[in-house]
Amino acid sequence: MTNFTIRLKETDQTVLTTSFEPGPYTTVWNQDEFLPTTGWNVHSFDEMYHWDGESNLLIDVFCDV
């Protein structure tokens with residue numbers, strides 16, 4: 001997988017819909033080349049994310065295939 005990226009964003013949404021919420025996301029992890037292994041793949045964030053402890057989170061995980 002190339003350009004594997006994880007981004008986070010707080011949201012007031014309580015239900016996911018077919019449209020993805022736009023707006024600024026914080027990139028917390030990115031790797032140019034990533035090859036997952038069988039089982040758990042743990043990612044230590046490169047960028048600290050300060051969650052307010054109350055809002056819901058949107059987690060965007062993508063790669064260029």
# chains A, B, ... in the order shown; residues from 1 in each chain; ligands from 1
$ residues_around --residues "Ile59 (chain A)" --least-positions-apart "5" --cutoff "12 Å" --atoms "only C-alpha atoms" --output "JSON, numbers by chain"
{"A": [5, 6, 7, 8, 9, 10, 11, 16, 20, 21, 25, 26, 27, 28, 29, 49]}
$ write_last_selection --atoms "N, CA and C atoms" --output "PDB file, in the first residue's frame"
ATOM      1  N   THR A   5      -2.312   6.549   5.012  1.00  0.00           N
ATOM      2  CA  THR A   5      -2.502   7.712   5.880  1.00  0.00           C
ATOM      3  C   THR A   5      -3.690   7.509   6.810  1.00  0.00           C
ATOM      4  N   ILE A   6      -3.538   7.946   8.057  1.00  0.00           N
ATOM      5  CA  ILE A   6      -4.632   7.964   9.029  1.00  0.00           C
ATOM      6  C   ILE A   6      -4.831   9.410   9.458  1.00  0.00           C
ATOM      7  N   ARG A   7      -6.088   9.882   9.354  1.00  0.00           N
ATOM      8  CA  ARG A   7      -6.424  11.253   9.764  1.00  0.00           C
ATOM      9  C   ARG A   7      -7.609  11.215  10.729  1.00  0.00           C
ATOM     10  N   LEU A   8      -7.666  12.202  11.641  1.00  0.00           N
ATOM     11  CA  LEU A   8      -8.733  12.292  12.629  1.00  0.00           C
ATOM     12  C   LEU A   8      -9.399  13.656  12.572  1.00  0.00           C
ATOM     13  N   LYS A   9     -10.675  13.666  12.982  1.00  0.00           N
ATOM     14  CA  LYS A   9     -11.441  14.916  13.025  1.00  0.00           C
ATOM     15  C   LYS A   9     -12.570  14.748  14.024  1.00  0.00           C
ATOM     16  N   GLU A  10     -12.799  15.761  14.851  1.00  0.00           N
ATOM     17  CA  GLU A  10     -13.955  15.749  15.748  1.00  0.00           C
ATOM     18  C   GLU A  10     -15.199  16.125  14.964  1.00  0.00           C
ATOM     19  N   THR A  11     -16.354  15.597  15.393  1.00  0.00           N
ATOM     20  CA  THR A  11     -17.604  15.872  14.701  1.00  0.00           C
ATOM     21  C   THR A  11     -18.766  15.900  15.687  1.00  0.00           C
ATOM     22  N   LEU A  16     -23.593   8.133  10.892  1.00  0.00           N
ATOM     23  CA  LEU A  16     -22.871   8.256   9.629  1.00  0.00           C
ATOM     24  C   LEU A  16     -23.860   8.177   8.478  1.00  0.00           C
ATOM     25  N   PHE A  20     -19.491  12.081   3.189  1.00  0.00           N
ATOM     26  CA  PHE A  20     -18.395  12.198   4.152  1.00  0.00           C
ATOM     27  C   PHE A  20     -18.251  13.651   4.553  1.00  0.00           C
ATOM     28  N   GLU A  21     -18.114  13.911   5.835  1.00  0.00           N
ATOM     29  CA  GLU A  21     -18.032  15.282   6.336  1.00  0.00           C
ATOM     30  C   GLU A  21     -16.742  15.957   5.886  1.00  0.00           C
ATOM     31  N   TYR A  25      -8.925  17.875   8.634  1.00  0.00           N
ATOM     32  CA  TYR A  25      -8.563  16.666   9.370  1.00  0.00           C
ATOM     33  C   TYR A  25      -7.115  16.808   9.808  1.00  0.00           C
ATOM     34  N   THR A  26      -6.753  16.161  10.900  1.00  0.00           N
ATOM     35  CA  THR A  26      -5.369  16.144  11.364  1.00  0.00           C
ATOM     36  C   THR A  26      -4.736  14.820  10.956  1.00  0.00           C
ATOM     37  N   THR A  27      -3.676  14.883  10.163  1.00  0.00           N
ATOM     38  CA  THR A  27      -2.948  13.675   9.788  1.00  0.00           C
ATOM     39  C   THR A  27      -2.118  13.241  10.983  1.00  0.00           C
ATOM     40  N   VAL A  28      -2.389  12.035  11.486  1.00  0.00           N
ATOM     41  CA  VAL A  28      -1.688  11.541  12.673  1.00  0.00           C
ATOM     42  C   VAL A  28      -0.681  10.452  12.344  1.00  0.00           C
ATOM     43  N   TRP A  29      -0.797   9.836  11.142  1.00  0.00           N
ATOM     44  CA  TRP A  29       0.154   8.793  10.753  1.00  0.00           C
ATOM     45  C   TRP A  29       0.190   8.680   9.247  1.00  0.00           C
ATOM     46  N   TYR A  49      -2.740  14.017  18.782  1.00  0.00           N
ATOM     47  CA  TYR A  49      -4.093  14.520  18.544  1.00  0.00           C
ATOM     48  C   TYR A  49      -4.743  14.790  19.885  1.00  0.00           C
TER      49      TYR A  49
END
$ residues_around --residues "Glu54 (chain A)" --least-positions-apart "2" --cutoff "12 Å" --atoms "only C-alpha atoms" --output "VMD selection string"
chain A and resid 10 to 12 14 50 to 52 56 to 57
$ write_last_selection --atoms "N, CA, C and O atoms" --output "short mmCIF file (atom, residue, chain, number, x, y, z; two decimals), in the first residue's frame"
data_model
loop_
_atom_site.label_atom_id
_atom_site.label_comp_id
_atom_site.auth_asym_id
_atom_site.auth_seq_id
_atom_site.Cartn_x
_atom_site.Cartn_y
_atom_site.Cartn_z
N GLU A 10 -12.80 15.76 14.85
CA GLU A 10 -13.95 15.75 15.75
C GLU A 10 -15.20 16.12 14.96
O GLU A 10 -15.13 16.87 13.99
N THR A 11 -16.35 15.60 15.39
CA THR A 11 -17.60 15.87 14.70
C THR A 11 -18.77 15.90 15.69
O THR A 11 -18.70 15.27 16.75
N ASP A 12 -19.82 16.61 15.31
CA ASP A 12 -21.06 16.62 16.09
C ASP A 12 -22.02 15.55 15.58
O ASP A 12 -23.07 15.33 16.17
N THR A 14 -23.95 12.20 14.92
CA THR A 14 -24.22 11.04 15.76
C THR A 14 -24.53 9.81 14.92
O THR A 14 -24.58 8.71 15.42
N HIS A 50 -5.20 16.03 20.08
CA HIS A 50 -5.83 16.42 21.34
C HIS A 50 -7.34 16.34 21.19
O HIS A 50 -7.96 17.22 20.60
N TRP A 51 -7.94 15.26 21.69
CA TRP A 51 -9.38 15.05 21.65
C TRP A 51 -10.00 15.74 22.85
O TRP A 51 -9.46 15.72 23.95
N ASP A 52 -11.17 16.36 22.65
CA ASP A 52 -11.81 17.09 23.74
C ASP A 52 -12.49 16.17 24.76
O ASP A 52 -12.98 16.62 25.79
N ASN A 56 -17.62 13.14 19.05
CA ASN A 56 -17.39 11.92 18.29
C ASN A 56 -16.19 12.14 17.38
O ASN A 56 -15.87 13.28 17.03
N LEU A 57 -15.53 11.07 16.97
CA LEU A 57 -14.37 11.17 16.09
C LEU A 57 -14.67 10.51 14.75
O LEU A 57 -15.29 9.46 14.69
#
$ atom_distance --atom1 "CA of Thr2 (chain A)" --atom2 "CA of Ser19 (chain A)"
24.9 Å
$ residues_around --residues "Gln31 (chain A)" --least-positions-apart "4" --cutoff "12 Å" --atoms "only C-alpha atoms" --output "mmCIF file with all heavy atoms, in the first residue's frame"
data_model
loop_
_atom_site.group_PDB
_atom_site.id
_atom_site.type_symbol
_atom_site.label_atom_id
_atom_site.label_comp_id
_atom_site.auth_asym_id
_atom_site.auth_seq_id
_atom_site.Cartn_x
_atom_site.Cartn_y
_atom_site.Cartn_z
ATOM 1 N N MET A 1 0.842 -1.169 0.000
ATOM 2 C CA MET A 1 0.000 0.000 0.000
ATOM 3 C C MET A 1 0.889 1.234 0.000
ATOM 4 O O MET A 1 1.763 1.354 0.851
ATOM 5 C CB MET A 1 -0.888 0.022 1.233
ATOM 6 C CG MET A 1 -1.861 -1.097 1.334
ATOM 7 S SD MET A 1 -2.780 -0.897 2.870
ATOM 8 C CE MET A 1 -3.856 -2.254 2.734
ATOM 9 N N THR A 2 0.647 2.140 -0.925
ATOM 10 C CA THR A 2 1.445 3.366 -0.966
ATOM 11 C C THR A 2 0.669 4.523 -0.353
ATOM 12 O O THR A 2 -0.561 4.583 -0.435
ATOM 13 C CB THR A 2 1.825 3.711 -2.406
ATOM 14 O OG1 THR A 2 0.646 3.844 -3.180
ATOM 15 C CG2 THR A 2 2.709 2.632 -3.014
ATOM 16 N N ASN A 3 1.398 5.440 0.244
ATOM 17 C CA ASN A 3 0.832 6.632 0.861
ATOM 18 C C ASN A 3 -0.281 6.275 1.840
ATOM 19 O O ASN A 3 -1.372 6.829 1.791
ATOM 20 C CB ASN A 3 0.336 7.615 -0.203
ATOM 21 C CG ASN A 3 0.067 8.981 0.380
ATOM 22 O OD1 ASN A 3 0.662 9.372 1.378
ATOM 23 N ND2 ASN A 3 -0.848 9.703 -0.230
ATOM 24 N N PHE A 4 -0.027 5.345 2.747
ATOM 25 C CA PHE A 4 -1.002 4.920 3.748
ATOM 26 C C PHE A 4 -1.103 6.012 4.807
ATOM 27 O O PHE A 4 -0.112 6.375 5.436
ATOM 28 C CB PHE A 4 -0.571 3.589 4.370
ATOM 29 C CG PHE A 4 -1.624 2.952 5.214
ATOM 30 C CD1 PHE A 4 -2.564 2.111 4.650
ATOM 31 C CD2 PHE A 4 -1.683 3.190 6.575
ATOM 32 C CE1 PHE A 4 -3.537 1.503 5.425
ATOM 33 C CE2 PHE A 4 -2.649 2.595 7.362
ATOM 34 C CZ PHE A 4 -3.580 1.749 6.784
ATOM 35 N N THR A 5 -2.312 6.549 5.012
ATOM 36 C CA THR A 5 -2.502 7.712 5.880
ATOM 37 C C THR A 5 -3.690 7.509 6.810
ATOM 38 O O THR A 5 -4.723 6.990 6.402
ATOM 39 C CB THR A 5 -2.744 8.979 5.036
ATOM 40 O OG1 THR A 5 -1.643 9.142 4.131
ATOM 41 C CG2 THR A 5 -2.864 10.220 5.891
ATOM 42 N N ILE A 6 -3.538 7.946 8.057
ATOM 43 C CA ILE A 6 -4.632 7.964 9.029
ATOM 44 C C ILE A 6 -4.831 9.410 9.458
ATOM 45 O O ILE A 6 -3.881 10.083 9.856
ATOM 46 C CB ILE A 6 -4.318 7.094 10.263
ATOM 47 C CG1 ILE A 6 -4.067 5.650 9.842
ATOM 48 C CG2 ILE A 6 -5.449 7.186 11.286
ATOM 49 C CD1 ILE A 6 -3.587 4.746 10.969
ATOM 50 N N THR A 27 -3.676 14.883 10.163
ATOM 51 C CA THR A 27 -2.948 13.675 9.788
ATOM 52 C C THR A 27 -2.118 13.241 10.983
ATOM 53 O O THR A 27 -1.266 13.985 11.458
ATOM 54 C CB THR A 27 -2.039 13.929 8.569
ATOM 55 O OG1 THR A 27 -2.854 14.317 7.462
ATOM 56 C CG2 THR A 27 -1.236 12.680 8.211
ATOM 57 N N LEU A 35 3.035 -2.448 4.419
ATOM 58 C CA LEU A 35 2.602 -3.803 4.136
ATOM 59 C C LEU A 35 2.045 -4.398 5.427
ATOM 60 O O LEU A 35 2.800 -4.729 6.341
ATOM 61 C CB LEU A 35 3.766 -4.647 3.614
ATOM 62 C CG LEU A 35 3.419 -6.075 3.223
ATOM 63 C CD1 LEU A 35 2.366 -6.111 2.117
ATOM 64 C CD2 LEU A 35 4.665 -6.810 2.782
ATOM 65 N N PRO A 36 0.704 -4.503 5.544
ATOM 66 C CA PRO A 36 0.126 -5.051 6.774
ATOM 67 C C PRO A 36 0.486 -6.524 6.945
ATOM 68 O O PRO A 36 0.770 -7.224 5.979
ATOM 69 C CB PRO A 36 -1.378 -4.872 6.580
ATOM 70 C CG PRO A 36 -1.582 -4.677 5.128
ATOM 71 C CD PRO A 36 -0.304 -4.165 4.553
ATOM 72 N N HIS A 43 -0.343 1.227 15.075
ATOM 73 C CA HIS A 43 0.317 2.409 14.528
ATOM 74 C C HIS A 43 0.480 3.447 15.641
ATOM 75 O O HIS A 43 -0.510 3.955 16.157
ATOM 76 C CB HIS A 43 -0.501 3.017 13.384
ATOM 77 C CG HIS A 43 -0.865 2.025 12.328
ATOM 78 N ND1 HIS A 43 0.059 1.463 11.487
ATOM 79 C CD2 HIS A 43 -2.053 1.472 11.992
ATOM 80 C CE1 HIS A 43 -0.533 0.618 10.662
ATOM 81 N NE2 HIS A 43 -1.814 0.606 10.956
ATOM 82 N N SER A 44 1.694 3.755 16.004
ATOM 83 C CA SER A 44 1.951 4.832 16.956
ATOM 84 C C SER A 44 1.902 6.137 16.177
ATOM 85 O O SER A 44 2.645 6.313 15.208
ATOM 86 C CB SER A 44 3.324 4.658 17.605
ATOM 87 O OG SER A 44 3.357 3.458 18.342
ATOM 88 N N PHE A 45 1.021 7.036 16.586
ATOM 89 C CA PHE A 45 0.819 8.280 15.845
ATOM 90 C C PHE A 45 2.093 9.107 15.793
ATOM 91 O O PHE A 45 2.816 9.234 16.774
ATOM 92 C CB PHE A 45 -0.290 9.111 16.474
ATOM 93 C CG PHE A 45 -1.671 8.531 16.298
ATOM 94 C CD1 PHE A 45 -2.730 9.043 17.011
ATOM 95 C CD2 PHE A 45 -1.920 7.494 15.416
ATOM 96 C CE1 PHE A 45 -4.004 8.546 16.848
ATOM 97 C CE2 PHE A 45 -3.185 6.976 15.246
ATOM 98 C CZ PHE A 45 -4.238 7.508 15.973
ATOM 99 N N ASP A 46 2.360 9.682 14.610
ATOM 100 C CA ASP A 46 3.485 10.599 14.423
ATOM 101 C C ASP A 46 3.145 11.987 14.950
ATOM 102 O O ASP A 46 4.023 12.752 15.319
ATOM 103 C CB ASP A 46 3.841 10.720 12.935
ATOM 104 C CG ASP A 46 4.292 9.400 12.335
ATOM 105 O OD1 ASP A 46 4.904 8.594 13.064
ATOM 106 O OD2 ASP A 46 4.022 9.167 11.148
ATOM 107 N N VAL A 61 -8.984 6.574 6.973
ATOM 108 C CA VAL A 61 -7.831 5.740 6.655
ATOM 109 C C VAL A 61 -7.838 5.524 5.149
ATOM 110 O O VAL A 61 -8.840 5.065 4.599
ATOM 111 C CB VAL A 61 -7.905 4.385 7.377
ATOM 112 C CG1 VAL A 61 -6.717 3.509 7.015
ATOM 113 C CG2 VAL A 61 -7.989 4.589 8.894
ATOM 114 N N PHE A 62 -6.751 5.874 4.472
ATOM 115 C CA PHE A 62 -6.721 5.699 3.019
ATOM 116 C C PHE A 62 -5.311 5.425 2.524
ATOM 117 O O PHE A 62 -4.343 5.629 3.241
ATOM 118 C CB PHE A 62 -7.324 6.906 2.288
ATOM 119 C CG PHE A 62 -6.547 8.181 2.469
ATOM 120 C CD1 PHE A 62 -5.573 8.536 1.547
ATOM 121 C CD2 PHE A 62 -6.795 9.025 3.514
ATOM 122 C CE1 PHE A 62 -4.859 9.710 1.680
ATOM 123 C CE2 PHE A 62 -6.081 10.201 3.667
ATOM 124 C CZ PHE A 62 -5.113 10.537 2.749
ATOM 125 N N CYS A 63 -5.238 4.952 1.292
ATOM 126 C CA CYS A 63 -3.958 4.740 0.639
ATOM 127 C C CYS A 63 -4.156 4.889 -0.873
ATOM 128 O O CYS A 63 -5.262 4.811 -1.363
ATOM 129 C CB CYS A 63 -3.384 3.370 0.972
ATOM 130 S SG CYS A 63 -4.309 2.007 0.285
ATOM 131 N N ASP A 64 -3.042 5.145 -1.565
ATOM 132 C CA ASP A 64 -3.059 5.182 -3.026
ATOM 133 C C ASP A 64 -2.792 3.768 -3.502
ATOM 134 O O ASP A 64 -1.760 3.200 -3.189
ATOM 135 C CB ASP A 64 -1.962 6.105 -3.570
ATOM 136 C CG ASP A 64 -2.175 7.547 -3.137
ATOM 137 O OD1 ASP A 64 -3.325 7.946 -2.892
ATOM 138 O OD2 ASP A 64 -1.170 8.271 -3.050
#
$ atom_distance --atom1 "CA of Glu47 (chain A)" --atom2 "CA of Val15 (chain A)"
27.0 Å
$ select_by_dssp --residues "chain A" --states "strand (DSSP E)" --output "number ranges by chain"
A: 2-11, 26-33, 56-64
